[in-house]
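Asker: Take this structure, written in structure tokens, and hold onto it; I'll ask about it next.
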Amino acid sequence: HSLRNIDELCASIVRSHRETSQYRLEELQALRWKVFSREEIQAYQSKTVDEMWQHCAVRLTDAVQYVVEFAKHIPGFRMLSQNDQIALLKTGSMEVVLVRMCRFFNTENNTVFFDGKFAGTEVFKSLACGDLIAAVFDFAHGMCALKLTEQQLALFSALVLINADRPSLEDRVRVQRVHRSVEVGLTHILHRDNHDSLLHKVHVSSRINIPSHCPH
Ligand SMILES: COc1ccc2c(n1)CCN(C(=O)[C@H]1C[C@@H](CC(=O)O)C1)[C@H]2C(=O)Nc1cc(F)c2c(c1)C=CC2(C)C
């Protein structure tokens, strides 16, 4: 890896992340104290499980589409076979949405951006999936605690997505090679930002232990 290649790889991943972020950080900062009224929370809580999941699924599908676009612009990702690109996106895109979600999270009042305002866990009560929602919020807290810059978040997102341990990959060795190059890029950026304390943390691509099933 010549230094030039690493810089070029980082630059293209950061550009791709920036171009595929649904909302700019400044927009979300402006909204971060816009929370739901009691009536609005009541309205969400009186939805049926299916209505609420439908409502969330539409938004998450939106966020996943942006992650697909992000992946397509990662040089190493495009080099992989179509089947491996699809396998990585099927299993990894939701994890990247959750990693990206930390940009939409306000740790001071434990709320996440949802439907244009910031929602606490009580808004999702009608999903009857308290443990899943708690895991999503805990994960967002953990990601925020790392205080990653947009560039570090871009490289970390690519690292989470390009994971050679995903099921049903045809050419694991090739995926591992791309993973390694992204890892070198992230290490390079963390060194440059004197964020060495983060090195050990971000190399374990964090997983959420999604509870096996929701009661409903
Ligand atoms: C990448 O990070 C993020 C983070 C949040 C959101 C997005 N992406 C996508 C866009 N978004 C919107 O709400 C859109 C604003 C639009 C209407 C408008 O523009 O006003 C609709 C957010 C969203 O979907 N939040 C969301 C969904 C969801 F299912 C859950 C949680 C949070 C928390 C727990 C669960 C239940 C898992």
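The chains in the structure tokens are called A, B, ... from first to last as shown; in each chain the residues are counted from 1, and the ligands are counted from 1 in the order shown.
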Contacts of Glu19 of chain A at 12 Å or less, counting only C-alpha atoms, minus same-chain residues fewer than 4 places along, as an mmCIF file with N, CA and C atoms, in the first residue's frame?
Answerer:
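Dumped to result-v5.cif:
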```
data_model
loop_
_atom_site.group_PDB
_atom_site.id
_atom_site.type_symbol
_atom_site.label_atom_id
_atom_site.label_comp_id
_atom_site.auth_asym_id
_atom_site.auth_seq_id
_atom_site.Cartn_x
_atom_site.Cartn_y
_atom_site.Cartn_z
ATOM 1 N N SER A 12 -11.910 8.559 -1.341
ATOM 2 C CA SER A 12 -13.089 8.114 -2.109
ATOM 3 C C SER A 12 -14.174 7.578 -1.157
ATOM 4 N N ILE A 13 -13.762 6.942 -0.067
ATOM 5 C CA ILE A 13 -14.767 6.432 0.882
ATOM 6 C C ILE A 13 -15.439 7.595 1.617
ATOM 7 N N VAL A 14 -14.637 8.600 1.986
ATOM 8 C CA VAL A 14 -15.200 9.770 2.692
ATOM 9 C C VAL A 14 -16.135 10.531 1.757
ATOM 10 N N ARG A 15 -15.739 10.678 0.476
ATOM 11 C CA ARG A 15 -16.599 11.375 -0.499
ATOM 12 C C ARG A 15 -17.915 10.610 -0.650
ATOM 13 N N TYR A 23 -28.997 13.225 5.561
ATOM 14 C CA TYR A 23 -29.142 14.553 6.172
ATOM 15 C C TYR A 23 -27.766 15.072 6.564
ATOM 16 N N ARG A 24 -27.532 16.389 6.379
ATOM 17 C CA ARG A 24 -26.239 16.939 6.790
ATOM 18 C C ARG A 24 -26.257 17.108 8.309
ATOM 19 N N TYR A 66 -29.631 4.413 0.892
ATOM 20 C CA TYR A 66 -28.474 5.331 0.909
ATOM 21 C C TYR A 66 -27.188 4.560 1.181
ATOM 22 N N VAL A 67 -27.289 3.492 2.009
ATOM 23 C CA VAL A 67 -26.103 2.673 2.308
ATOM 24 C C VAL A 67 -25.701 1.888 1.056
ATOM 25 N N GLU A 69 -26.053 2.897 -2.010
ATOM 26 C CA GLU A 69 -25.343 3.880 -2.841
ATOM 27 C C GLU A 69 -23.925 4.104 -2.309
ATOM 28 N N PHE A 70 -23.800 4.199 -0.982
ATOM 29 C CA PHE A 70 -22.479 4.395 -0.344
ATOM 30 C C PHE A 70 -21.544 3.263 -0.764
ATOM 31 N N ALA A 71 -22.045 2.017 -0.664
ATOM 32 C CA ALA A 71 -21.202 0.843 -0.972
ATOM 33 C C ALA A 71 -20.746 0.875 -2.434
ATOM 34 N N LYS A 72 -21.668 1.242 -3.329
ATOM 35 C CA LYS A 72 -21.361 1.193 -4.773
ATOM 36 C C LYS A 72 -20.193 2.113 -5.130
ATOM 37 N N HIS A 73 -19.972 3.146 -4.312
ATOM 38 C CA HIS A 73 -18.881 4.098 -4.629
ATOM 39 C C HIS A 73 -17.581 3.736 -3.911
ATOM 40 N N ILE A 74 -17.570 2.595 -3.181
ATOM 41 C CA ILE A 74 -16.307 2.196 -2.519
ATOM 42 C C ILE A 74 -15.503 1.389 -3.532
ATOM 43 N N GLU A 150 -16.656 12.590 10.870
ATOM 44 C CA GLU A 150 -17.347 12.087 9.673
ATOM 45 C C GLU A 150 -16.409 11.189 8.870
ATOM 46 N N ALA A 154 -17.001 7.297 8.140
ATOM 47 C CA ALA A 154 -17.058 6.794 6.753
ATOM 48 C C ALA A 154 -16.234 5.519 6.631
#
```
Asker: Return as a PyMOL selection string the residues of protein, DNA or RNA that approach ligand 1 to within 9 Å, with only C-alpha atoms and all ligand atoms taken into account.
Answerer: chain A and resi 21-23+52-64+66-67+96-105+111-121+123-124+127+129+132-134+136-137
Asker: How far is it from atom CA of Arg177 of chain A to atom CA of Asn83 of chain A, in Å with one decimal?
Answerer: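 Taking atom CA of Arg177 of chain A as the start and atom CA of Asn83 of chain A as the end point, the length is 16.8 Å.
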Asker: Can you pull out the residues contacting segment 156-168 of chain A? Cut-off 9 Å, using only C-alpha atoms, and skip same-chain residues under 5 positions away; I want them as a PyMOL selection string.
Answerer: chain A and resi 13+17+70-71+74+76-77+84-85+87-89+91-93+95-97+99-100+151+173-180+182-183+186+202-203+205-207
Asker: Run DSSP on the backbone of this structure and report the residues of segment 9-215 of chain A it assigns to strand (DSSP E), as an MDAnalysis selection string.
Answerer: chainID A and resid 105:106 111:114 117:119
Asker: Next, dump the selected residues to file, keeping only all heavy atoms, as a PDB file, in the first residue's frame.
Answerer:
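Okay, this is what ended up in again23.pdb:
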```
ATOM      1  N   PHE A 105     -28.499  10.980  16.747  1.00  0.00           N
ATOM      2  CA  PHE A 105     -28.841  10.606  18.120  1.00  0.00           C
ATOM      3  C   PHE A 105     -28.437  11.723  19.064  1.00  0.00           C
ATOM      4  O   PHE A 105     -27.370  12.285  18.930  1.00  0.00           O
ATOM      5  CB  PHE A 105     -28.106   9.290  18.480  1.00  0.00           C
ATOM      6  CG  PHE A 105     -28.642   8.615  19.706  1.00  0.00           C
ATOM      7  CD1 PHE A 105     -29.827   7.895  19.651  1.00  0.00           C
ATOM      8  CD2 PHE A 105     -27.982   8.733  20.924  1.00  0.00           C
ATOM      9  CE1 PHE A 105     -30.338   7.275  20.787  1.00  0.00           C
ATOM     10  CE2 PHE A 105     -28.487   8.114  22.060  1.00  0.00           C
ATOM     11  CZ  PHE A 105     -29.663   7.382  22.000  1.00  0.00           C
ATOM     12  N   ASN A 106     -29.310  12.076  20.001  1.00  0.00           N
ATOM     13  CA  ASN A 106     -29.000  13.104  20.990  1.00  0.00           C
ATOM     14  C   ASN A 106     -28.807  12.405  22.342  1.00  0.00           C
ATOM     15  O   ASN A 106     -29.783  11.992  22.967  1.00  0.00           O
ATOM     16  CB  ASN A 106     -30.156  14.125  21.064  1.00  0.00           C
ATOM     17  CG  ASN A 106     -29.834  15.247  22.052  1.00  0.00           C
ATOM     18  OD1 ASN A 106     -28.901  15.109  22.864  1.00  0.00           O
ATOM     19  ND2 ASN A 106     -30.578  16.330  21.976  1.00  0.00           N
ATOM     20  N   THR A 111     -32.614  10.596  22.667  1.00  0.00           N
ATOM     21  CA  THR A 111     -33.622  10.576  21.586  1.00  0.00           C
ATOM     22  C   THR A 111     -32.927  10.353  20.250  1.00  0.00           C
ATOM     23  O   THR A 111     -31.762  10.712  20.071  1.00  0.00           O
ATOM     24  CB  THR A 111     -34.377  11.926  21.518  1.00  0.00           C
ATOM     25  OG1 THR A 111     -33.426  12.980  21.304  1.00  0.00           O
ATOM     26  CG2 THR A 111     -35.215  12.172  22.765  1.00  0.00           C
ATOM     27  N   VAL A 112     -33.669   9.764  19.320  1.00  0.00           N
ATOM     28  CA  VAL A 112     -33.143   9.505  17.976  1.00  0.00           C
ATOM     29  C   VAL A 112     -34.061  10.169  16.959  1.00  0.00           C
ATOM     30  O   VAL A 112     -35.270  10.309  17.190  1.00  0.00           O
ATOM     31  CB  VAL A 112     -33.069   7.977  17.706  1.00  0.00           C
ATOM     32  CG1 VAL A 112     -34.458   7.362  17.605  1.00  0.00           C
ATOM     33  CG2 VAL A 112     -32.276   7.675  16.438  1.00  0.00           C
ATOM     34  N   PHE A 113     -33.470  10.609  15.849  1.00  0.00           N
ATOM     35  CA  PHE A 113     -34.257  11.270  14.800  1.00  0.00           C
ATOM     36  C   PHE A 113     -35.243  10.276  14.210  1.00  0.00           C
ATOM     37  O   PHE A 113     -34.860   9.155  13.832  1.00  0.00           O
ATOM     38  CB  PHE A 113     -33.299  11.778  13.717  1.00  0.00           C
ATOM     39  CG  PHE A 113     -33.955  12.558  12.621  1.00  0.00           C
ATOM     40  CD1 PHE A 113     -34.634  13.736  12.893  1.00  0.00           C
ATOM     41  CD2 PHE A 113     -33.895  12.108  11.308  1.00  0.00           C
ATOM     42  CE1 PHE A 113     -35.235  14.463  11.871  1.00  0.00           C
ATOM     43  CE2 PHE A 113     -34.490  12.825  10.282  1.00  0.00           C
ATOM     44  CZ  PHE A 113     -35.166  14.003  10.562  1.00  0.00           C
ATOM     45  N   PHE A 114     -36.503  10.668  14.111  1.00  0.00           N
ATOM     46  CA  PHE A 114     -37.535   9.764  13.578  1.00  0.00           C
ATOM     47  C   PHE A 114     -38.688  10.621  13.088  1.00  0.00           C
ATOM     48  O   PHE A 114     -39.223  11.430  13.852  1.00  0.00           O
ATOM     49  CB  PHE A 114     -38.014   8.811  14.683  1.00  0.00           C
ATOM     50  CG  PHE A 114     -39.146   7.915  14.264  1.00  0.00           C
ATOM     51  CD1 PHE A 114     -38.938   6.874  13.370  1.00  0.00           C
ATOM     52  CD2 PHE A 114     -40.435   8.123  14.754  1.00  0.00           C
ATOM     53  CE1 PHE A 114     -39.978   6.052  12.976  1.00  0.00           C
ATOM     54  CE2 PHE A 114     -41.482   7.303  14.365  1.00  0.00           C
ATOM     55  CZ  PHE A 114     -41.250   6.269  13.467  1.00  0.00           C
ATOM     56  N   LYS A 117     -38.520  14.516  13.794  1.00  0.00           N
ATOM     57  CA  LYS A 117     -38.219  15.066  15.138  1.00  0.00           C
ATOM     58  C   LYS A 117     -37.377  14.042  15.891  1.00  0.00           C
ATOM     59  O   LYS A 117     -37.078  12.972  15.371  1.00  0.00           O
ATOM     60  CB  LYS A 117     -39.523  15.325  15.903  1.00  0.00           C
ATOM     61  CG  LYS A 117     -40.333  16.485  15.343  1.00  0.00           C
ATOM     62  CD  LYS A 117     -41.548  16.770  16.224  1.00  0.00           C
ATOM     63  CE  LYS A 117     -42.372  17.938  15.670  1.00  0.00           C
ATOM     64  NZ  LYS A 117     -43.609  18.155  16.457  1.00  0.00           N
ATOM     65  N   PHE A 118     -37.019  14.357  17.137  1.00  0.00           N
ATOM     66  CA  PHE A 118     -36.213  13.413  17.933  1.00  0.00           C
ATOM     67  C   PHE A 118     -37.115  12.669  18.909  1.00  0.00           C
ATOM     68  O   PHE A 118     -37.866  13.291  19.660  1.00  0.00           O
ATOM     69  CB  PHE A 118     -35.061  14.159  18.617  1.00  0.00           C
ATOM     70  CG  PHE A 118     -33.874  14.350  17.705  1.00  0.00           C
ATOM     71  CD1 PHE A 118     -33.921  15.265  16.648  1.00  0.00           C
ATOM     72  CD2 PHE A 118     -32.747  13.561  17.836  1.00  0.00           C
ATOM     73  CE1 PHE A 118     -32.850  15.408  15.774  1.00  0.00           C
ATOM     74  CE2 PHE A 118     -31.655  13.703  16.959  1.00  0.00           C
ATOM     75  CZ  PHE A 118     -31.722  14.625  15.932  1.00  0.00           C
ATOM     76  N   ALA A 119     -37.047  11.327  18.845  1.00  0.00           N
ATOM     77  CA  ALA A 119     -37.977  10.472  19.607  1.00  0.00           C
ATOM     78  C   ALA A 119     -37.249   9.694  20.698  1.00  0.00           C
ATOM     79  O   ALA A 119     -36.155   9.171  20.456  1.00  0.00           O
ATOM     80  CB  ALA A 119     -38.622   9.487  18.634  1.00  0.00           C
TER      81      ALA A 119
END
```
Asker: Between A:Gly130, A:Gln82, A:Asp50, A:Gln65, which one has atoms that come closest to Thr20 of chain A, using only C-alpha atoms?
Answerer: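 Of A:Gly130, A:Gln82, A:Asp50, A:Gln65, the one nearest Thr20 of chain A, counting only C-alpha atoms, is A:Gln65.
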Asker: Tell me which of A:Leu9, A:Ala128, A:Leu199, A:Val35 sits closest to Val49 of chain A, counting only C-alpha atoms.
Answerer: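 Distance minimum relative to Val49 of chain A lands on A:Ala128.
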Asker: I want to know what sits within 9 Å of Tyr44 of chain A, based on only C-alpha atoms, with residues of the same chain fewer than 2 positions away left out; could you give that as a list in words?
Answerer: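 Once the nearby chain positions are removed, what remains is Glu39, Glu40, Ile41, Gln42, Ser46, Lys47, Thr48, Met52, Val123, Phe124, Lys125 and Ser126 of chain A.
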Asker: Report, in Å to a single decimal, how far apart atom CA of Ser81 of chain A and atom CA of Glu170 of chain A are.
Answerer: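 Spanning atom CA of Glu170 of chain A to atom CA of Ser81 of chain A is a straight-line distance of 8.2 Å.
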Asker: From segment 82-133 of chain A, collect each residue whose DSSP state is helix (DSSP H, G or I) and return the set as a ChimeraX atom specification.
Answerer: /A:82-104,121-127,130-133
Asker: When you draw a straight line from atom CA of Ala11 of chain A to atom CA of Gly142 of chain A, how long is it in Å?
Answerer: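 Between atom CA of Ala11 of chain A and atom CA of Gly142 of chain A the gap works out to 25.8 Å.
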